[in-house]
Amino acid sequence: METEKKKISGLSDIGLRRKNNEDAVYYDSNEFGTLLMVADGMGGHRKGEVASKMVIDSLAIPFHSFHRVFHTRRSKKFLKKYIKLSNKSIYRMSLSGDEYREMGTTLVCALIGDVETTICSIGDSRCYIIDKEGVLKQVTKDQTYVELLFESGKISKSEISTHPQKNLLINAVGINPDLSNCEEFVLKNDSYRCIMLCSDGLYNMVSDEEIQKTLNDSALSSEEKAKSLLKKALTNGGNDNIAIVLYEN
């Protein structure tokens, strides 16, 4: 459902190959700020669903009760605090029994404050923007094994998508007792037309060119854009769960 007050929309879909949906989305806006989130859970026996819901709830609940304007310093402090608390909760649960073992989740979130947008990322869910010139730009950096290989010059950019270990994460929420490597980015609110968070079920199935074209289509509402991207991911194979959250200035 798209909100009237702001052009925000989000959806999550099981895709065509999975037995359950471990992706979760969240978006809400009030007079103090806007919070967007996508989480992609992992772990056997459907516990990826538990992990992704836990990390979403850990930020959504305090966001609802927070009644101060989110300037950048406050946004950073808020996100860091509640992401770390969520990490501890998920990690403790992962140790509580065999069915929860190796449970964890990616997280990408954007907290849009009065002047700037603060983005935090753990894992390989991504944040993109459409800048003022209509160009799609990836803001976040994947915390994956293949990204490390690429950065060290061992593989080329074109080899990332076909590498046999392309889905191997080097970081996630809940897999270690302390979360030490949370990527953080800050953007000026007037530097983008649109911000999109998504799981790998979208960007592995839909090209950057198609994403850019869809997000720039002024004839579509933000809800229609999200649905169009989902349809493209399904048409191209729908190999994984798909999660998308859009915010338009």
# chains A, B, ... in the order shown; residues from 1 in each chain; ligands from 1
>>> closest_atom_pairs(of="range 150-202 of chain A", to="range 140-145 of chain A", cutoff="9 Å", atoms="only C-alpha atoms", output="Markdown table")
| residue | atom | partner | partner_atom | distance |
| --- | --- | --- | --- | --- |
| A:Phe150 | CA | A:Tyr145 | CA | 8.8 |
| A:Gln165 | CA | A:Tyr145 | CA | 7.2 |
| A:Lys166 | CA | A:Tyr145 | CA | 7.0 |
| A:Asn167 | CA | A:Thr144 | CA | 7.1 |
| A:Leu168 | CA | A:Tyr145 | CA | 5.7 |
| A:Leu169 | CA | A:Thr144 | CA | 4.3 |
| A:Ile170 | CA | A:Thr144 | CA | 5.1 |
| A:Asn171 | CA | A:Gln143 | CA | 6.0 |
| A:Ala172 | CA | A:Gln143 | CA | 8.3 |
| A:Glu183 | CA | A:Thr140 | CA | 7.6 |
| A:Glu184 | CA | A:Thr140 | CA | 8.3 |
| A:Phe185 | CA | A:Thr140 | CA | 7.6 |
>>> write_last_selection(atoms="all heavy atoms", output="short mmCIF file (atom, residue, chain, number, x, y, z; two decimals), in the first residue's frame")
data_model
loop_
_atom_site.label_atom_id
_atom_site.label_comp_id
_atom_site.auth_asym_id
_atom_site.auth_seq_id
_atom_site.Cartn_x
_atom_site.Cartn_y
_atom_site.Cartn_z
N PHE A 150 36.76 -9.07 -5.85
CA PHE A 150 36.79 -8.00 -6.85
C PHE A 150 37.67 -6.84 -6.38
O PHE A 150 38.50 -6.33 -7.14
CB PHE A 150 35.37 -7.50 -7.13
CG PHE A 150 35.31 -6.23 -7.92
CD1 PHE A 150 35.69 -6.22 -9.26
CD2 PHE A 150 34.90 -5.04 -7.33
CE1 PHE A 150 35.65 -5.04 -10.00
CE2 PHE A 150 34.86 -3.87 -8.06
CZ PHE A 150 35.24 -3.87 -9.39
N GLN A 165 30.51 -18.78 -5.72
CA GLN A 165 30.30 -18.38 -4.33
C GLN A 165 29.76 -16.94 -4.22
O GLN A 165 29.98 -16.26 -3.23
CB GLN A 165 31.61 -18.50 -3.55
CG GLN A 165 32.08 -19.95 -3.38
CD GLN A 165 33.44 -20.04 -2.71
OE1 GLN A 165 34.44 -19.55 -3.23
NE2 GLN A 165 33.46 -20.67 -1.54
N LYS A 166 28.98 -16.55 -5.24
CA LYS A 166 28.50 -15.17 -5.28
C LYS A 166 27.54 -14.84 -4.13
O LYS A 166 27.37 -13.69 -3.78
CB LYS A 166 27.83 -14.89 -6.62
CG LYS A 166 26.51 -15.62 -6.84
CD LYS A 166 25.87 -15.19 -8.15
CE LYS A 166 24.53 -15.88 -8.36
NZ LYS A 166 23.87 -15.42 -9.59
N ASN A 167 26.91 -15.86 -3.55
CA ASN A 167 25.94 -15.62 -2.48
C ASN A 167 26.54 -15.76 -1.08
O ASN A 167 25.81 -15.69 -0.09
CB ASN A 167 24.76 -16.60 -2.61
CG ASN A 167 23.97 -16.36 -3.89
OD1 ASN A 167 23.76 -15.22 -4.30
ND2 ASN A 167 23.54 -17.43 -4.51
N LEU A 168 27.85 -15.96 -0.99
CA LEU A 168 28.50 -16.16 0.30
C LEU A 168 28.70 -14.82 1.01
O LEU A 168 29.48 -13.98 0.58
CB LEU A 168 29.84 -16.86 0.12
CG LEU A 168 30.62 -17.20 1.40
CD1 LEU A 168 29.82 -18.12 2.30
CD2 LEU A 168 31.97 -17.83 1.04
N LEU A 169 27.98 -14.63 2.12
CA LEU A 169 28.09 -13.39 2.89
C LEU A 169 29.29 -13.45 3.83
O LEU A 169 29.63 -14.51 4.34
CB LEU A 169 26.83 -13.17 3.72
CG LEU A 169 25.52 -12.94 2.99
CD1 LEU A 169 24.37 -12.81 4.00
CD2 LEU A 169 25.58 -11.71 2.11
N ILE A 170 29.91 -12.31 4.07
CA ILE A 170 30.97 -12.23 5.07
C ILE A 170 30.48 -11.48 6.31
O ILE A 170 31.21 -11.35 7.29
CB ILE A 170 32.24 -11.56 4.51
CG1 ILE A 170 31.93 -10.14 4.01
CG2 ILE A 170 32.85 -12.41 3.40
CD1 ILE A 170 33.17 -9.35 3.62
N ASN A 171 29.23 -11.03 6.27
CA ASN A 171 28.66 -10.34 7.43
C ASN A 171 27.14 -10.41 7.37
O ASN A 171 26.55 -10.41 6.29
CB ASN A 171 29.12 -8.88 7.47
CG ASN A 171 28.91 -8.22 8.83
OD1 ASN A 171 28.81 -8.91 9.86
ND2 ASN A 171 28.86 -6.91 8.85
N ALA A 172 26.52 -10.50 8.54
CA ALA A 172 25.07 -10.46 8.65
C ALA A 172 24.70 -10.15 10.09
O ALA A 172 25.53 -10.29 11.00
CB ALA A 172 24.45 -11.80 8.22
N GLU A 183 28.14 -0.89 7.58
CA GLU A 183 28.45 0.16 6.62
C GLU A 183 27.49 1.33 6.82
O GLU A 183 26.27 1.14 6.99
CB GLU A 183 28.34 -0.36 5.19
CG GLU A 183 29.29 -1.50 4.85
CD GLU A 183 30.68 -1.01 4.51
OE1 GLU A 183 30.89 0.21 4.47
OE2 GLU A 183 31.55 -1.88 4.29
N GLU A 184 28.02 2.55 6.77
CA GLU A 184 27.21 3.74 7.01
C GLU A 184 27.46 4.77 5.92
O GLU A 184 28.59 5.01 5.52
CB GLU A 184 27.58 4.32 8.38
CG GLU A 184 26.67 5.42 8.88
CD GLU A 184 27.08 5.87 10.28
OE1 GLU A 184 28.07 6.63 10.38
OE2 GLU A 184 26.43 5.45 11.25
N PHE A 185 26.37 5.34 5.43
CA PHE A 185 26.44 6.34 4.35
C PHE A 185 25.48 7.47 4.67
O PHE A 185 24.42 7.24 5.26
CB PHE A 185 26.06 5.71 3.01
CG PHE A 185 26.77 4.42 2.70
CD1 PHE A 185 26.26 3.21 3.16
CD2 PHE A 185 27.94 4.41 1.96
CE1 PHE A 185 26.90 2.01 2.88
CE2 PHE A 185 28.59 3.22 1.69
CZ PHE A 185 28.08 2.02 2.15
#
>>> residues_around(residues="range 236-248 of chain A", least_positions_apart="2", cutoff="8 Å", atoms="only C-alpha atoms", output="PyMOL selection string")
chain A and resi 6-18+21-27+36-38+193-202+205-206+222+226+230+232-234
>>> select_by_dssp(residues="range 119-242 of chain A", states="helix (DSSP H, G or I)", output="VMD selection string")
chain A and resid 145 to 151 157 to 160 189 to 191 200 to 203 208 to 215 222 to 235
>>> atom_distance(atom1="CA of Thr118 in chain A", atom2="CA of Ser207 in chain A")
25.6 Å
>>> atom_distance(atom1="CA of Ile83 in chain A", atom2="CA of Gly174 in chain A")
9.8 Å
>>> closest_atom_pairs(of="range 15-55 of chain A", to="range 84-93 of chain A", cutoff="7 Å", atoms="only C-alpha atoms", output="tab-separated table")
residue	atom	partner	partner_atom	distance
A:Ala51	CA	A:Ile90	CA	6.3
A:Met54	CA	A:Ser86	CA	6.9
A:Val55	CA	A:Ser86	CA	5.5
>>> closest_atom_pairs(of="range 114-228 of chain A", to="range 98-107 of chain A", cutoff="6 Å", atoms="only C-alpha atoms", output="CSV")
residue,atom,partner,partner_atom,distance
A:Ser121,CA,A:Leu107,CA,5.7
A:Ile122,CA,A:Leu107,CA,5.2
A:Gly123,CA,A:Thr106,CA,4.7
A:Ala172,CA,A:Thr106,CA,5.1
A:Val173,CA,A:Thr105,CA,5.2
A:Gly174,CA,A:Gly104,CA,4.8
A:Ile175,CA,A:Gly104,CA,5.7
>>> closest_residue(among="A:Phe70, A:Phe63, A:Tyr192, A:Tyr82", to="Lys132 in chain A", atoms="only C-alpha atoms")
A:Tyr192
>>> atom_distance(atom1="CA of Ile119 in chain A", atom2="CA of Gly134 in chain A")
20.2 Å
>>> closest_residue(among="A:Ser156, A:Glu210, A:Asp217, A:Ser65", to="Leu229 in chain A", atoms="only C-alpha atoms")
A:Glu210
>>> closest_residue(among="A:Ile130, A:Ile160, A:Ile56, A:Leu136", to="Glu209 in chain A", atoms="only C-alpha atoms")
A:Leu136
>>> closest_residue(among="A:Ser96, A:Glu133, A:Ser158, A:Ala110", to="Asn216 in chain A", atoms="only C-alpha atoms")
A:Glu133
>>> select_by_dssp(residues="range 37-219 of chain A", states="strand (DSSP E or B)", output="number ranges by chain")
A: 37-42, 104-105, 107-112, 116-122, 126-131, 136-138, 144, 169, 173, 183-188, 192-198
>>> closest_residue(among="A:Lys157, A:Lys188, A:Lys76, A:Arg126", to="Asp114 in chain A", atoms="only C-alpha atoms")
A:Lys188
